[in-house]
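Notes for the one structure printed next.
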Amino acid sequence: MMRVTNSMISRNSMLNINSNKVNVDTLNTQMTTQKKIDRPSDDPIIAIRALRLRSNLSELNQYYERNIPDAYSWLEITEGALDNMETLLREVYVKCENGATDTLTEEDRAAILKDLQSLRKQVYAEGNADSAGRTVFTGYKTNSQLTFLKDEKDTKYEITEPISYEDMEEKNFYSNIVEVPNSLNDIGTGVTIPDMPQEYTHKRIRLSYEGLGDITADNLTYIDENGDPQPLRDFEISVGGMAAGPDIVTNMSYADWEKNDFAVGEDQVLFFKETGELILGKSVADQIGSDKTKLSITYTKEGFAEGELRPEHYFDCKNITDENNKIEYTKEYQEIKFTVAFNQTLTVNTQATDVFDASIGRDVDELTNAVQAAIAAHDKVKKIEEMQKEEQYSDPKVQEALSQWLEAAKKEAVYADDNMQKIYANGITKFQGYMDQVKLARTDLGSRQNRLQLTENRMSNQQTTFEKLKSRNEDMELSDIIIEYTAAYNAYQASLQASSKANGQTLLNYL
């Protein structure tokens, strides 16, 4: 049997007391912090698991508390702008329905004109909506507005605009517009039949801007069967049984064309920089339509008005305002994606080209011009009728001449009313299409909002789950700690008492 000495008892007692004391200290720390470990070395497995759970929870909180709310904000602002845009388009659509009737009074025309002028200023303004200073419809260029916020007379762009057979439409042109005579000399002998207002109809392609710079035939191309651009002058059309390229005229002014009674050869293409229009001869238009030809035109524009679209958001273009520092833009689809969950992204932006058609503004302008022309024509009729009642024009010959002037004015008014009704009837289809475009964008936006809602719900559930896992891994119940602490403290006190008794007696007490 091994001999147990007092020193051994003393040493073992101290070890036991210290062990119990350490246990009490550990449980005291746990009771204070309510955590299982105070340092990684206390339990490496718990420490490693805690690091992983905290890292995942931190990433999840970033998604749930920051990224998802930011995505919601972007989508809600976009939805508000689309809702406003649809309302504006619907108002124009209603004006088109009203303007397409033949029962408009003078007051009706004036009311439509006033409303259209007001709507024109707002039509693209919704495209400048922003989220926390970031424009939501301009792709990656979130620091750039969709439209010019003020007149910029010196700003100059070189723009390459794609066009196609689908952009062709009929347009009416009118010559011999009546100028109301102001004196007997102006009345003269009246208006002869050849000098009466005349109507001409041609196919045209309207560009997105007017007031353009000079171009040459080389600036106008078509896409061949191989998908390569070729000069339009080499586009073969059949005229009089012979195949030849069209005659492209780019140096005629609109005023000179009007003086020439809006004449267009069958094989001609006329470009008017003032109005931003291509007028197509019948053979050219028929060939482009039958071949379903896609074209492209490159032009310059210097000077932009407030509210006009910035070209870089719609076309391949160059800002050449500073010849020594040209800025080139390439039109591309630019998706802004937010990471809203683990390995999950969501496109939050809607591109302006998907919603705000570049033709909307010019269509509203044409509707406005049509109403103004009708108002002006009817004003001429009223003025001449009033002149017929004045004493100074009571001479029978003068009355006969005024009757001819009145006939010309009424003919112009009939043309103006008919043209207005046609443009508004055409506008019904166009603006229905624009509204459908906005509705489609809203539908797509709604589906993204639904996906984001589902992701948010999933992230909320995951956040709760990770919080529970983290708590289960790191935390301790206070009631459990108190029980363990009480047991450890009692063991510590017992060890002290046992040690005092064991070490209080030595061999000398028995000698």
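By convention in this document, the chains of the structure tokens carry letters A, B, ... by their order, each chain's residues are numbered from 1, and ligands are numbered from 1 in the order they are shown.
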I'd like the contact shell of region 301-314 of chain A - 6 Å cut-off, only C-alpha atoms, skipping same-chain residues fewer than 3 positions apart - returned as a VMD selection string.
chain A and resid 146 to 157 212 to 213 329
At a cut-off of 9 Å, using only C-alpha atoms, what residues contact Glu328 (chain A)? Leave out same-chain residues fewer than 3 positions from it and give the result as a ChimeraX atom specification.
/A:312,316-320
Give me, as a PyMOL selection string, all polymer residues having an atom no more than 12 Å from Thr339 (chain A), counting only C-alpha atoms and skipping those fewer than 6 positions away in the same chain.
chain A and resi 59-60+62-64+66-71+345-348+452+455-456
Export C-alpha atoms of the chosen residues as a short mmCIF file (atom, residue, chain, number, x, y, z; two decimals), in the first residue's frame?
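Heads up, here's the output in out20.cif:
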```
data_model
loop_
_atom_site.label_atom_id
_atom_site.label_comp_id
_atom_site.auth_asym_id
_atom_site.auth_seq_id
_atom_site.Cartn_x
_atom_site.Cartn_y
_atom_site.Cartn_z
CA GLU A 59 -24.21 38.99 -44.83
CA LEU A 60 -27.88 38.16 -44.44
CA GLN A 62 -26.81 43.33 -45.29
CA TYR A 63 -29.30 41.84 -47.75
CA TYR A 64 -32.37 42.11 -45.53
CA ARG A 66 -29.97 47.39 -46.69
CA ASN A 67 -30.00 45.85 -50.16
CA ILE A 68 -33.66 44.77 -50.21
CA PRO A 69 -34.99 48.13 -48.89
CA ASP A 70 -32.80 49.95 -51.44
CA ALA A 71 -34.16 47.73 -54.21
CA THR A 345 -29.43 39.17 -57.91
CA LEU A 346 -32.38 41.27 -59.05
CA THR A 347 -32.46 43.80 -61.90
CA VAL A 348 -33.92 46.96 -60.39
CA LEU A 452 -38.34 40.73 -54.23
CA THR A 455 -36.97 36.99 -51.31
CA GLU A 456 -37.62 39.38 -48.43
#
```
Mind checking which residues fall within 12 Å of Tyr393 (chain A), counting only C-alpha atoms, ignoring those fewer than 3 positions away in the same chain, and posting them as a ChimeraX atom specification?
/A:181-188,384-390,396-403
Show me, as a list in words, the residues that have an atom within 12 Å of Lys292 (chain A) when counting only C-alpha atoms, minus same-chain residues fewer than 2 positions from it.
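Answer for this query is Ile163, Ser164, Tyr165, Glu166, Asp167, Met168, Tyr222, Ile223, Asp224, Glu225, Val284, Ala285, Asp286, Gln287, Ile288, Gly289, Ser290, Lys294 and Leu295 of chain A.
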Quick one: everything within 7 Å of Ile428 (chain A), counting only C-alpha atoms, minus sequence neighbours fewer than 2 positions away in the same chain. Send it as a ChimeraX atom specification.
/A:93,96-97,424-426,430-432
Selected residues written out with N, CA and C atoms, as a PDB file, in the first residue's frame:
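This is the output file again_7.pdb:
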```pdb
ATOM      1  N   TYR A  93     -54.223  60.272 -75.260  1.00  0.00           N
ATOM      2  CA  TYR A  93     -55.082  59.325 -75.984  1.00  0.00           C
ATOM      3  C   TYR A  93     -56.526  59.828 -76.030  1.00  0.00           C
ATOM      4  N   CYS A  96     -56.848  62.520 -78.447  1.00  0.00           N
ATOM      5  CA  CYS A  96     -56.887  61.993 -79.806  1.00  0.00           C
ATOM      6  C   CYS A  96     -58.294  61.503 -80.154  1.00  0.00           C
ATOM      7  N   GLU A  97     -58.932  60.835 -79.201  1.00  0.00           N
ATOM      8  CA  GLU A  97     -60.302  60.381 -79.448  1.00  0.00           C
ATOM      9  C   GLU A  97     -61.239  61.563 -79.693  1.00  0.00           C
ATOM     10  N   TYR A 424     -55.207  62.734 -85.588  1.00  0.00           N
ATOM     11  CA  TYR A 424     -55.697  62.293 -84.275  1.00  0.00           C
ATOM     12  C   TYR A 424     -56.165  60.846 -84.321  1.00  0.00           C
ATOM     13  N   ALA A 425     -56.781  60.439 -85.435  1.00  0.00           N
ATOM     14  CA  ALA A 425     -57.185  59.033 -85.567  1.00  0.00           C
ATOM     15  C   ALA A 425     -55.948  58.132 -85.553  1.00  0.00           C
ATOM     16  N   ASN A 426     -54.901  58.572 -86.236  1.00  0.00           N
ATOM     17  CA  ASN A 426     -53.641  57.833 -86.224  1.00  0.00           C
ATOM     18  C   ASN A 426     -53.021  57.866 -84.828  1.00  0.00           C
ATOM     19  N   LYS A 430     -51.279  55.127 -82.159  1.00  0.00           N
ATOM     20  CA  LYS A 430     -49.924  55.338 -81.661  1.00  0.00           C
ATOM     21  C   LYS A 430     -49.884  55.391 -80.140  1.00  0.00           C
ATOM     22  N   PHE A 431     -50.765  56.181 -79.557  1.00  0.00           N
ATOM     23  CA  PHE A 431     -50.705  56.353 -78.114  1.00  0.00           C
ATOM     24  C   PHE A 431     -51.253  55.143 -77.367  1.00  0.00           C
ATOM     25  N   GLN A 432     -52.098  54.363 -78.034  1.00  0.00           N
ATOM     26  CA  GLN A 432     -52.472  53.078 -77.450  1.00  0.00           C
ATOM     27  C   GLN A 432     -51.238  52.186 -77.375  1.00  0.00           C
TER      28      GLN A 432
END
```
In terms of only C-alpha atoms, the residue from A:Val355, A:Leu220, A:Val180, A:Ile360 at minimal distance from Phe271 (chain A) is A:Leu220
Residues near Val94 (chain A), anyone? I mean within 12 Å using only C-alpha atoms, not counting same-chain ones fewer than 5 positions away, as a ChimeraX atom specification.
/A:87-89,99-101,112,115-116,424-425,427-429,431-432,435
Write the residues you've just listed into a file as a compact mmCIF listing (two decimals), in the first residue's frame, and include all heavy atoms for each of them.
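Contents of the output file out.txt:
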```txt
# COMPACT_ATOMS: atom_id res chain seq x y z
N THR A 87 -50.64 57.83 -67.09
CA THR A 87 -51.71 58.81 -66.94
C THR A 87 -51.59 59.89 -68.00
O THR A 87 -52.59 60.29 -68.63
CB THR A 87 -51.67 59.44 -65.54
OG1 THR A 87 -51.84 58.41 -64.55
CG2 THR A 87 -52.78 60.46 -65.38
N LEU A 88 -50.36 60.38 -68.22
CA LEU A 88 -50.14 61.41 -69.24
C LEU A 88 -50.50 60.90 -70.63
O LEU A 88 -51.17 61.58 -71.42
CB LEU A 88 -48.68 61.87 -69.21
CG LEU A 88 -48.23 62.68 -68.00
CD1 LEU A 88 -46.72 62.85 -68.01
CD2 LEU A 88 -48.90 64.04 -67.97
N LEU A 89 -50.06 59.68 -70.94
CA LEU A 89 -50.35 59.11 -72.26
C LEU A 89 -51.85 58.89 -72.44
O LEU A 89 -52.39 59.08 -73.53
CB LEU A 89 -49.59 57.79 -72.43
CG LEU A 89 -48.06 57.90 -72.52
CD1 LEU A 89 -47.43 56.51 -72.55
CD2 LEU A 89 -47.64 58.69 -73.75
N GLY A 99 -60.27 64.61 -80.71
CA GLY A 99 -59.86 65.32 -81.92
C GLY A 99 -60.21 64.58 -83.19
O GLY A 99 -60.28 65.19 -84.27
N ALA A 100 -60.47 63.27 -83.09
CA ALA A 100 -60.78 62.48 -84.29
C ALA A 100 -62.22 62.63 -84.73
O ALA A 100 -62.60 62.14 -85.80
CB ALA A 100 -60.47 61.01 -84.03
N THR A 101 -63.04 63.31 -83.95
CA THR A 101 -64.44 63.53 -84.33
C THR A 101 -64.56 64.74 -85.24
O THR A 101 -63.66 65.58 -85.31
CB THR A 101 -65.32 63.73 -83.08
OG1 THR A 101 -64.98 64.99 -82.47
CG2 THR A 101 -65.11 62.61 -82.08
N ILE A 112 -58.31 71.59 -76.46
CA ILE A 112 -57.38 70.51 -76.79
C ILE A 112 -55.96 71.06 -76.95
O ILE A 112 -54.99 70.48 -76.46
CB ILE A 112 -57.83 69.79 -78.08
CG1 ILE A 112 -59.10 68.98 -77.82
CG2 ILE A 112 -56.73 68.86 -78.60
CD1 ILE A 112 -59.67 68.32 -79.06
N ASP A 115 -54.41 71.90 -73.53
CA ASP A 115 -54.05 70.69 -72.79
C ASP A 115 -52.81 70.02 -73.38
O ASP A 115 -51.94 69.55 -72.64
CB ASP A 115 -55.22 69.70 -72.79
CG ASP A 115 -56.38 70.18 -71.93
OD1 ASP A 115 -56.15 71.04 -71.07
OD2 ASP A 115 -57.51 69.70 -72.13
N LEU A 116 -52.75 69.97 -74.71
CA LEU A 116 -51.59 69.33 -75.36
C LEU A 116 -50.31 70.09 -75.06
O LEU A 116 -49.25 69.48 -74.82
CB LEU A 116 -51.82 69.25 -76.86
CG LEU A 116 -52.79 68.17 -77.34
CD1 LEU A 116 -53.00 68.29 -78.85
CD2 LEU A 116 -52.28 66.79 -76.98
N TYR A 424 -55.21 62.73 -85.59
CA TYR A 424 -55.70 62.29 -84.28
C TYR A 424 -56.17 60.85 -84.32
O TYR A 424 -56.00 60.10 -83.35
CB TYR A 424 -56.80 63.22 -83.79
CG TYR A 424 -56.26 64.44 -83.10
CD1 TYR A 424 -55.68 65.48 -83.82
CD2 TYR A 424 -56.28 64.54 -81.72
CE1 TYR A 424 -55.15 66.59 -83.19
CE2 TYR A 424 -55.76 65.65 -81.07
CZ TYR A 424 -55.19 66.67 -81.82
OH TYR A 424 -54.66 67.76 -81.18
N ALA A 425 -56.78 60.44 -85.44
CA ALA A 425 -57.18 59.03 -85.57
C ALA A 425 -55.95 58.13 -85.55
O ALA A 425 -55.94 57.06 -84.92
CB ALA A 425 -57.98 58.84 -86.86
N GLY A 427 -53.21 59.00 -84.13
CA GLY A 427 -52.68 59.13 -82.78
C GLY A 427 -53.32 58.17 -81.80
O GLY A 427 -52.68 57.75 -80.83
N ILE A 428 -54.59 57.80 -82.04
CA ILE A 428 -55.25 56.83 -81.17
C ILE A 428 -54.45 55.52 -81.16
O ILE A 428 -54.19 54.94 -80.11
CB ILE A 428 -56.70 56.58 -81.64
CG1 ILE A 428 -57.54 57.84 -81.43
CG2 ILE A 428 -57.31 55.40 -80.90
CD1 ILE A 428 -58.95 57.73 -81.98
N THR A 429 -54.08 55.07 -82.37
CA THR A 429 -53.31 53.83 -82.47
C THR A 429 -51.92 53.99 -81.85
O THR A 429 -51.45 53.12 -81.11
CB THR A 429 -53.17 53.42 -83.94
OG1 THR A 429 -54.47 53.27 -84.52
CG2 THR A 429 -52.40 52.12 -84.07
N PHE A 431 -50.77 56.18 -79.56
CA PHE A 431 -50.70 56.35 -78.11
C PHE A 431 -51.25 55.14 -77.37
O PHE A 431 -50.90 54.91 -76.22
CB PHE A 431 -51.40 57.65 -77.70
CG PHE A 431 -50.54 58.85 -77.93
CD1 PHE A 431 -50.55 59.52 -79.14
CD2 PHE A 431 -49.66 59.29 -76.95
CE1 PHE A 431 -49.72 60.60 -79.37
CE2 PHE A 431 -48.83 60.38 -77.17
CZ PHE A 431 -48.85 61.04 -78.38
N GLN A 432 -52.10 54.36 -78.03
CA GLN A 432 -52.47 53.08 -77.45
C GLN A 432 -51.24 52.19 -77.38
O GLN A 432 -51.02 51.47 -76.39
CB GLN A 432 -53.56 52.41 -78.28
CG GLN A 432 -54.03 51.06 -77.72
CD GLN A 432 -54.64 51.20 -76.35
OE1 GLN A 432 -55.64 51.88 -76.18
NE2 GLN A 432 -54.05 50.54 -75.35
N MET A 435 -49.05 53.39 -74.54
CA MET A 435 -49.59 52.95 -73.25
C MET A 435 -49.33 51.46 -73.03
O MET A 435 -49.00 51.04 -71.91
CB MET A 435 -51.09 53.25 -73.18
CG MET A 435 -51.43 54.71 -72.96
SD MET A 435 -53.16 54.97 -72.50
CE MET A 435 -53.99 54.50 -74.00
```
Atom-to-atom span, CA of Leu469 (chain A) and CA of Gln453 (chain A), Å:
24.3 Å
As a ChimeraX atom specification, please: all residues of region 73-155 of chain A that backbone DSSP puts in helix (DSSP H, G or I).
/A:73-99,106-122,125-128
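Between CA of Gly190 (chain A) and CA of Phe173 (chain A) there is a distance of 23.4 Å.
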Have a look at CA of Ile205 (chain A) and CA of Ala441 (chain A) and let me know their distance in Å, one decimal.
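Those two atoms sit 26.4 Å apart.
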Find, counting only C-alpha atoms, the residue in A:Glu91, A:Glu199, A:Glu332, A:Asp322 that gets nearest to Leu119 (chain A).
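Among the listed residues, A:Glu91 lies closest to Leu119 (chain A).
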